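Below is one structure, written out as structure tokens, with a few remarks after it.
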Amino acid sequence: MVPNEAQQYKGIVLLLQHFRWTWVGLFAVDDDKGNRFLQTIVPMLTQNGICYDFIVNIPKWSYMDEMLDWFFQHLDAYLIMFERKANVFFVYGEPPSFQVLRMMLFLAPLVDLPPLGTHYYSLFNVSIQVLPLSVCNDYCYPGYSRKKKEGEKFCCYDCAPCPEGMISQYKDMDACVKCPKDEYPNSGQTQCIPKVPSYLSYKEDLGLILVILTIIFSLITLFVLGTFMKHNNTSIVKANNQTLTYILLISLLLCFLCSFLFIGKPGKVTCLLRQITFSIIFSVALSSVLAKTITVLLAFMATKPGSSMRKWIGKRLANAIVLFCSCIQACIGTLWLSTSPPFPDTDMHSLHGEIILECNEGSVAMFYGVLVYMGLLAIVSFILAFLARKLPDSFNEAKFITFSLLVFCSVWLSFVPTYLSTKGKYMVAVEIFSILSSGAGLLGCIFSPKCYIIIFRPELNTREQLISRKK
């Protein structure tokens, strides 16, 4: 009985798939059975990802010896083709002569061949020493994906590198795949690596430097505050509103300390407090400077004969200015918290290989709103202090306020573009540095001359000296 050819065809396909041969040549006897063989096997090969390079119709013989004799007579015509392309051929003949014929005589002996008198071999008796390769082109290795060649069969393809952010882990992948959001490709784009959480930590050098600066400025502020409290009965301390001086020093101390809210892993509480606390405390400091400047102007104007400004001079006006200006900022902060409060967030795209742990400000408009309000307080104070810079020496605090506010405005004008151009922990570091440097400017410019006189030139810290300087 004639065996079922369909099963033989399936066996061919399974064999090719087993050895991963995808680029073959076909020989078929030039008769109806050969044509039927090609009409059946070609679609099966295509459906299973196998291509044929060529098809050769050969004459019909009664014996396999005749077929081999013909084949060797025409070997020269096909030898170059064999060397360049496929090396696996299927010859269709009368059953049971349907065999796998591997013509590798022109290459290194890859199989143990029986004597030449035996012209066909059982598939299961073939002993393969080195598995031959039968593909249109080399494999696309991990890090690359297959790209179809125009005008070529689907088994022939180019290897294209994976685009940025994508990988391929296996050979001959049809397309590269994206890494999960919390992972990124390695240098060879062959696997995904977990991203590292990034935030300004106390353990790293940048965070440690900022912590040290914060502590130093806080201790200096405490020293100045202690010096003023110790010498609170001296003339230079009494020359200005002592309450405003203490409010300013305490607010500067809290400004420095609020830097700690920006260092460390962002949490729900720290994200809520950091910007609101910083803006309100700084507004208190700037309000104190504004009140000092207004006090200086009113005090000078009150010395003129017949001036009605004397009734405005006093602690109540200064305290009212501080309270009013600070309450406005507090109202802005309350509106911010009630409408769109800050919250912990992650940014997985801005930095390669890192997950930025940050505080999302919620409302960007409110964030810049509190900055604009602080800038407005600083500008108004600067203008008034500039106008009062040429007052008599006993009121020369306006000169120091002018310099301090010039430093303050310069710092925060440079803060905005720098803040927008940085990401992650460096953006946080920029804000901390701005807080420290602007606070240090106010502290140094306003209080260092007074501390110098109190500590090193106590002979100048008398009422007589202040009066003589006024004259």
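Chain lettering (A, B, ...) mirrors the order of the structure tokens, residue numbering begins at 1 for each chain separately, and ligand numbering begins at 1 in order of display.
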
Listing only residues of stretch 374-452 of chain A within 10 Å of stretch 236-251 of chain A, what is the closest atom pair and its distance in Å (to one decimal) for each, using only C-alpha atoms, sorted by chain and residue number ascending, as a Markdown table?
```
| residue | atom | partner | partner_atom | distance |
| --- | --- | --- | --- | --- |
| A:Ser394 | CA | A:Ala239 | CA | 7.9 |
| A:Phe395 | CA | A:Ala239 | CA | 8.2 |
| A:Glu397 | CA | A:Asn240 | CA | 8.7 |
| A:Gly439 | CA | A:Ser251 | CA | 9.5 |
| A:Leu442 | CA | A:Leu248 | CA | 9.3 |
| A:Leu443 | CA | A:Leu249 | CA | 7.7 |
| A:Ile446 | CA | A:Thr245 | CA | 9.9 |
| A:Phe447 | CA | A:Leu249 | CA | 9.2 |
| A:Lys450 | CA | A:Ile236 | CA | 7.2 |
| A:Cys451 | CA | A:Ile236 | CA | 9.6 |
```

For A:Phe223, which residue out of A:Ser448, A:Ala175, A:Pro458, A:Ile281 is the nearest one, using only C-alpha atoms?
-> A:Ser448

Between atom CA of A:Pro266 and atom CA of A:Gly441, what is the spacing in Å?
-> 28.1 Å

Among listed residues A:Pro344, A:Gly207, A:Pro449, A:Gly11, nearest A:Leu273 (using only C-alpha atoms) =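 Checking each of A:Pro344, A:Gly207, A:Pro449, A:Gly11 against A:Leu273, counting only C-alpha atoms, the winner is A:Pro344.
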
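Closest approach to A:Ser201 among A:Arg20, A:Phe260, A:Val289, A:Leu298: A:Phe260, based on only C-alpha atoms.
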
Option closest in space to A:Ala440, from A:Ser404, A:Gln47, A:Ser338, A:Gln329 [counting only C-alpha atoms] =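 So, comparing all the options, the nearest one is A:Ser404.
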
Can you tell me, as a VMD selection string, what residues are no more than 9 Å from stretch 363-376 of chain A when counting only C-alpha atoms, ignoring any on the same chain fewer than 6 positions away?
-> chain A and resid 275 to 276 279 to 280 282 to 283 286 328 to 329 332 to 333 335 to 336 339 to 342 409 412 to 413

Could you write out that same residue set with N, CA, C and O atoms as a compact mmCIF listing (two decimals), in the first residue's frame?
```txt
# COMPACT_ATOMS: atom_id res chain seq x y z
N GLN A 275 6.92 73.68 51.44
CA GLN A 275 6.77 74.96 50.73
C GLN A 275 5.95 75.96 51.54
O GLN A 275 6.27 77.16 51.57
N ILE A 276 4.89 75.48 52.19
CA ILE A 276 4.04 76.38 52.96
C ILE A 276 4.82 76.97 54.13
O ILE A 276 4.80 78.19 54.39
N SER A 279 7.54 79.45 52.90
CA SER A 279 7.02 80.72 52.38
C SER A 279 6.49 81.62 53.50
O SER A 279 6.71 82.84 53.48
N ILE A 280 5.79 81.04 54.46
CA ILE A 280 5.24 81.86 55.55
C ILE A 280 6.36 82.41 56.44
O ILE A 280 6.36 83.60 56.79
N PHE A 282 9.53 82.92 55.68
CA PHE A 282 10.28 83.93 54.95
C PHE A 282 9.48 85.23 54.81
O PHE A 282 10.05 86.33 54.81
N SER A 283 8.17 85.10 54.68
CA SER A 283 7.33 86.30 54.61
C SER A 283 7.38 87.06 55.93
O SER A 283 7.36 88.30 55.94
N LEU A 286 10.73 88.93 55.84
CA LEU A 286 10.68 90.08 54.93
C LEU A 286 9.75 91.17 55.46
O LEU A 286 10.02 92.37 55.28
N ILE A 328 -1.24 87.67 54.84
CA ILE A 328 -1.56 87.54 53.41
C ILE A 328 -0.92 86.25 52.85
O ILE A 328 -1.57 85.49 52.14
N GLN A 329 0.36 86.04 53.19
CA GLN A 329 1.02 84.82 52.73
C GLN A 329 0.37 83.58 53.34
O GLN A 329 0.23 82.54 52.66
N ILE A 332 -2.68 82.78 51.33
CA ILE A 332 -2.33 82.14 50.05
C ILE A 332 -2.00 80.67 50.28
O ILE A 332 -2.43 79.79 49.53
N GLY A 333 -1.22 80.39 51.34
CA GLY A 333 -0.88 79.00 51.66
C GLY A 333 -2.10 78.17 52.02
O GLY A 333 -2.20 77.01 51.61
N LEU A 335 -5.18 78.67 50.99
CA LEU A 335 -5.89 78.43 49.74
C LEU A 335 -5.24 77.34 48.93
O LEU A 335 -5.91 76.48 48.34
N TRP A 336 -3.91 77.33 48.94
CA TRP A 336 -3.15 76.30 48.22
C TRP A 336 -3.46 74.92 48.80
O TRP A 336 -3.76 73.97 48.06
N THR A 339 -7.14 73.73 48.01
CA THR A 339 -7.53 73.50 46.60
C THR A 339 -6.70 72.40 45.94
O THR A 339 -7.25 71.43 45.40
N SER A 340 -5.38 72.55 45.96
CA SER A 340 -4.52 71.58 45.28
C SER A 340 -3.22 71.42 46.07
O SER A 340 -2.19 71.97 45.70
N PRO A 341 -3.25 70.68 47.18
CA PRO A 341 -2.08 70.60 48.06
C PRO A 341 -0.97 69.76 47.43
O PRO A 341 -1.22 68.88 46.59
N PRO A 342 0.27 69.99 47.83
CA PRO A 342 1.39 69.15 47.38
C PRO A 342 1.23 67.71 47.89
O PRO A 342 0.60 67.47 48.91
N CYS A 409 17.23 89.52 46.53
CA CYS A 409 16.58 89.56 45.21
C CYS A 409 17.44 88.87 44.15
O CYS A 409 16.92 88.18 43.26
N TRP A 412 17.02 85.00 44.48
CA TRP A 412 15.75 84.43 44.04
C TRP A 412 15.43 84.72 42.58
O TRP A 412 14.67 83.98 41.97
N LEU A 413 16.04 85.74 42.01
CA LEU A 413 15.90 85.94 40.56
C LEU A 413 16.66 84.86 39.79
O LEU A 413 16.21 84.42 38.73
```

Contacts of A:Asp345 within 7 Å, only C-alpha atoms, excl. fewer than 3 positions in-chain, as an NGL selection string | :A and (357-360)

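Between atom CA of A:Leu290 and atom CA of A:Lys390 the separation is 17.3 Å.
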
When you look at A:Lys148 with a cut-off of 10 Å (counting only C-alpha atoms), what residues show up, excluding the ones that are within fewer than 6 positions of it in the same chain? I need them as a PDB file with N, CA and C atoms, in the first residue's frame.
```pdb
ATOM      1  N   PHE A 154      10.204  36.550   3.225  1.00  0.00           N
ATOM      2  CA  PHE A 154      10.114  36.919   4.639  1.00  0.00           C
ATOM      3  C   PHE A 154      11.197  36.269   5.482  1.00  0.00           C
ATOM      4  N   CYS A 155      11.839  35.231   5.000  1.00  0.00           N
ATOM      5  CA  CYS A 155      12.922  34.620   5.764  1.00  0.00           C
ATOM      6  C   CYS A 155      14.210  35.438   5.700  1.00  0.00           C
ATOM      7  N   CYS A 156      14.275  36.370   4.772  1.00  0.00           N
ATOM      8  CA  CYS A 156      15.455  37.217   4.638  1.00  0.00           C
ATOM      9  C   CYS A 156      15.158  38.567   5.276  1.00  0.00           C
ATOM     10  N   TYR A 157      16.032  38.992   6.135  1.00  0.00           N
ATOM     11  CA  TYR A 157      15.768  40.216   6.882  1.00  0.00           C
ATOM     12  C   TYR A 157      17.083  40.859   7.313  1.00  0.00           C
ATOM     13  N   ASP A 158      16.990  42.127   7.649  1.00  0.00           N
ATOM     14  CA  ASP A 158      18.106  42.849   8.256  1.00  0.00           C
ATOM     15  C   ASP A 158      17.929  42.849   9.770  1.00  0.00           C
ATOM     16  N   CYS A 159      18.992  43.169  10.464  1.00  0.00           N
ATOM     17  CA  CYS A 159      18.946  43.268  11.919  1.00  0.00           C
ATOM     18  C   CYS A 159      19.091  44.737  12.313  1.00  0.00           C
ATOM     19  N   ALA A 160      18.043  45.277  12.925  1.00  0.00           N
ATOM     20  CA  ALA A 160      18.047  46.682  13.319  1.00  0.00           C
ATOM     21  C   ALA A 160      18.234  46.791  14.829  1.00  0.00           C
ATOM     22  N   ASP A 174      10.919  39.544  16.423  1.00  0.00           N
ATOM     23  CA  ASP A 174      10.304  40.352  15.377  1.00  0.00           C
ATOM     24  C   ASP A 174      10.275  41.835  15.737  1.00  0.00           C
TER      25      ASP A 174
END
```

So which residues touch A:Leu206 within 10 Å, counting only C-alpha atoms, skipping near sequence neighbours fewer than 4 positions away, as a PyMOL selection string?
-> chain A and resi 200-202+210-211+425-426+429

Residues of stretch 223-411 of chain A in strand (DSSP E), written as a PDB file with all heavy atoms, in the first residue's frame:
```pdb
ATOM      1  N   PHE A 343       1.843  66.787  47.168  1.00  0.00           N
ATOM      2  CA  PHE A 343       1.750  65.371  47.550  1.00  0.00           C
ATOM      3  C   PHE A 343       2.982  64.631  47.011  1.00  0.00           C
ATOM      4  O   PHE A 343       3.612  65.070  46.041  1.00  0.00           O
ATOM      5  CB  PHE A 343       0.470  64.745  46.986  1.00  0.00           C
ATOM      6  CG  PHE A 343       0.368  64.819  45.478  1.00  0.00           C
ATOM      7  CD1 PHE A 343       0.844  63.797  44.663  1.00  0.00           C
ATOM      8  CD2 PHE A 343      -0.205  65.932  44.871  1.00  0.00           C
ATOM      9  CE1 PHE A 343       0.760  63.876  43.285  1.00  0.00           C
ATOM     10  CE2 PHE A 343      -0.302  66.022  43.482  1.00  0.00           C
ATOM     11  CZ  PHE A 343       0.172  64.989  42.690  1.00  0.00           C
ATOM     12  N   PRO A 344       3.338  63.499  47.652  1.00  0.00           N
ATOM     13  CA  PRO A 344       4.484  62.711  47.168  1.00  0.00           C
ATOM     14  C   PRO A 344       4.191  62.136  45.787  1.00  0.00           C
ATOM     15  O   PRO A 344       3.079  61.688  45.500  1.00  0.00           O
ATOM     16  CB  PRO A 344       4.624  61.595  48.211  1.00  0.00           C
ATOM     17  CG  PRO A 344       3.875  62.078  49.396  1.00  0.00           C
ATOM     18  CD  PRO A 344       2.773  62.949  48.886  1.00  0.00           C
ATOM     19  N   ASP A 345       5.199  62.147  44.935  1.00  0.00           N
ATOM     20  CA  ASP A 345       5.010  61.694  43.559  1.00  0.00           C
ATOM     21  C   ASP A 345       6.311  61.050  43.073  1.00  0.00           C
ATOM     22  O   ASP A 345       7.355  61.151  43.726  1.00  0.00           O
ATOM     23  CB  ASP A 345       4.625  62.872  42.671  1.00  0.00           C
ATOM     24  CG  ASP A 345       3.995  62.423  41.358  1.00  0.00           C
ATOM     25  OD1 ASP A 345       3.755  61.210  41.201  1.00  0.00           O
ATOM     26  OD2 ASP A 345       3.742  63.279  40.490  1.00  0.00           O
ATOM     27  N   THR A 346       6.238  60.359  41.942  1.00  0.00           N
ATOM     28  CA  THR A 346       7.414  59.749  41.330  1.00  0.00           C
ATOM     29  C   THR A 346       7.525  60.207  39.880  1.00  0.00           C
ATOM     30  O   THR A 346       6.520  60.352  39.187  1.00  0.00           O
ATOM     31  CB  THR A 346       7.335  58.214  41.364  1.00  0.00           C
ATOM     32  OG1 THR A 346       6.120  57.776  40.731  1.00  0.00           O
ATOM     33  CG2 THR A 346       7.369  57.705  42.797  1.00  0.00           C
ATOM     34  N   ASP A 347       8.740  60.438  39.455  1.00  0.00           N
ATOM     35  CA  ASP A 347       9.033  60.803  38.075  1.00  0.00           C
ATOM     36  C   ASP A 347       9.963  59.730  37.510  1.00  0.00           C
ATOM     37  O   ASP A 347      11.115  59.626  37.914  1.00  0.00           O
ATOM     38  CB  ASP A 347       9.691  62.188  38.018  1.00  0.00           C
ATOM     39  CG  ASP A 347      10.003  62.625  36.596  1.00  0.00           C
ATOM     40  OD1 ASP A 347       9.727  61.850  35.659  1.00  0.00           O
ATOM     41  OD2 ASP A 347      10.535  63.735  36.412  1.00  0.00           O
ATOM     42  N   GLU A 354      16.823  56.160  36.807  1.00  0.00           N
ATOM     43  CA  GLU A 354      16.455  56.584  38.156  1.00  0.00           C
ATOM     44  C   GLU A 354      14.963  56.864  38.251  1.00  0.00           C
ATOM     45  O   GLU A 354      14.346  57.327  37.285  1.00  0.00           O
ATOM     46  CB  GLU A 354      17.231  57.849  38.560  1.00  0.00           C
ATOM     47  CG  GLU A 354      18.732  57.644  38.674  1.00  0.00           C
ATOM     48  CD  GLU A 354      19.443  58.897  39.135  1.00  0.00           C
ATOM     49  OE1 GLU A 354      18.754  59.902  39.413  1.00  0.00           O
ATOM     50  OE2 GLU A 354      20.681  58.887  39.218  1.00  0.00           O
ATOM     51  N   ILE A 355      14.408  56.570  39.405  1.00  0.00           N
ATOM     52  CA  ILE A 355      13.037  56.960  39.726  1.00  0.00           C
ATOM     53  C   ILE A 355      13.131  58.124  40.705  1.00  0.00           C
ATOM     54  O   ILE A 355      13.604  57.960  41.835  1.00  0.00           O
ATOM     55  CB  ILE A 355      12.249  55.800  40.361  1.00  0.00           C
ATOM     56  CG1 ILE A 355      12.182  54.608  39.407  1.00  0.00           C
ATOM     57  CG2 ILE A 355      10.845  56.249  40.748  1.00  0.00           C
ATOM     58  CD1 ILE A 355      11.493  53.395  40.001  1.00  0.00           C
ATOM     59  N   ILE A 356      12.727  59.294  40.282  1.00  0.00           N
ATOM     60  CA  ILE A 356      12.824  60.472  41.123  1.00  0.00           C
ATOM     61  C   ILE A 356      11.662  60.484  42.100  1.00  0.00           C
ATOM     62  O   ILE A 356      10.494  60.517  41.694  1.00  0.00           O
ATOM     63  CB  ILE A 356      12.808  61.759  40.274  1.00  0.00           C
ATOM     64  CG1 ILE A 356      13.982  61.770  39.300  1.00  0.00           C
ATOM     65  CG2 ILE A 356      12.851  62.990  41.175  1.00  0.00           C
ATOM     66  CD1 ILE A 356      13.968  62.947  38.360  1.00  0.00           C
ATOM     67  N   LEU A 357      11.987  60.418  43.374  1.00  0.00           N
ATOM     68  CA  LEU A 357      10.977  60.572  44.418  1.00  0.00           C
ATOM     69  C   LEU A 357      10.911  62.051  44.769  1.00  0.00           C
ATOM     70  O   LEU A 357      11.894  62.635  45.222  1.00  0.00           O
ATOM     71  CB  LEU A 357      11.342  59.736  45.650  1.00  0.00           C
ATOM     72  CG  LEU A 357      11.570  58.239  45.407  1.00  0.00           C
ATOM     73  CD1 LEU A 357      11.887  57.535  46.717  1.00  0.00           C
ATOM     74  CD2 LEU A 357      10.375  57.603  44.728  1.00  0.00           C
ATOM     75  N   GLU A 358       9.774  62.659  44.540  1.00  0.00           N
ATOM     76  CA  GLU A 358       9.666  64.106  44.676  1.00  0.00           C
ATOM     77  C   GLU A 358       8.327  64.491  45.274  1.00  0.00           C
ATOM     78  O   GLU A 358       7.439  63.657  45.445  1.00  0.00           O
ATOM     79  CB  GLU A 358       9.812  64.766  43.301  1.00  0.00           C
ATOM     80  CG  GLU A 358       8.729  64.338  42.318  1.00  0.00           C
ATOM     81  CD  GLU A 358       8.899  64.949  40.951  1.00  0.00           C
ATOM     82  OE1 GLU A 358       9.881  65.687  40.741  1.00  0.00           O
ATOM     83  OE2 GLU A 358       8.044  64.697  40.085  1.00  0.00           O
ATOM     84  N   CYS A 359       8.220  65.770  45.569  1.00  0.00           N
ATOM     85  CA  CYS A 359       6.948  66.338  45.995  1.00  0.00           C
ATOM     86  C   CYS A 359       6.331  67.070  44.811  1.00  0.00           C
ATOM     87  O   CYS A 359       6.928  68.023  44.293  1.00  0.00           O
ATOM     88  CB  CYS A 359       7.147  67.304  47.165  1.00  0.00           C
ATOM     89  SG  CYS A 359       7.526  66.494  48.738  1.00  0.00           S
ATOM     90  N   ASN A 360       5.197  66.591  44.395  1.00  0.00           N
ATOM     91  CA  ASN A 360       4.447  67.304  43.365  1.00  0.00           C
ATOM     92  C   ASN A 360       3.777  68.503  44.014  1.00  0.00           C
ATOM     93  O   ASN A 360       3.051  68.357  44.998  1.00  0.00           O
ATOM     94  CB  ASN A 360       3.411  66.376  42.735  1.00  0.00           C
ATOM     95  CG  ASN A 360       2.759  66.968  41.512  1.00  0.00           C
ATOM     96  OD1 ASN A 360       2.318  68.112  41.514  1.00  0.00           O
ATOM     97  ND2 ASN A 360       2.671  66.177  40.457  1.00  0.00           N
TER      98      ASN A 360
END
```

Mind pulling up the distance from atom CA of A:Ser350 to atom CA of A:Ser414?
->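 If I compute the distance from atom CA of A:Ser414 to atom CA of A:Ser350, I get 22.3 Å.
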
Residues flagged helix (DSSP H, G or I) by DSSP in stretch 236-405 of chain A, as an MDAnalysis selection string | chainID A and resid 236:238 242:262 268:302 309:312 315:339 364:387 393:395 397:405
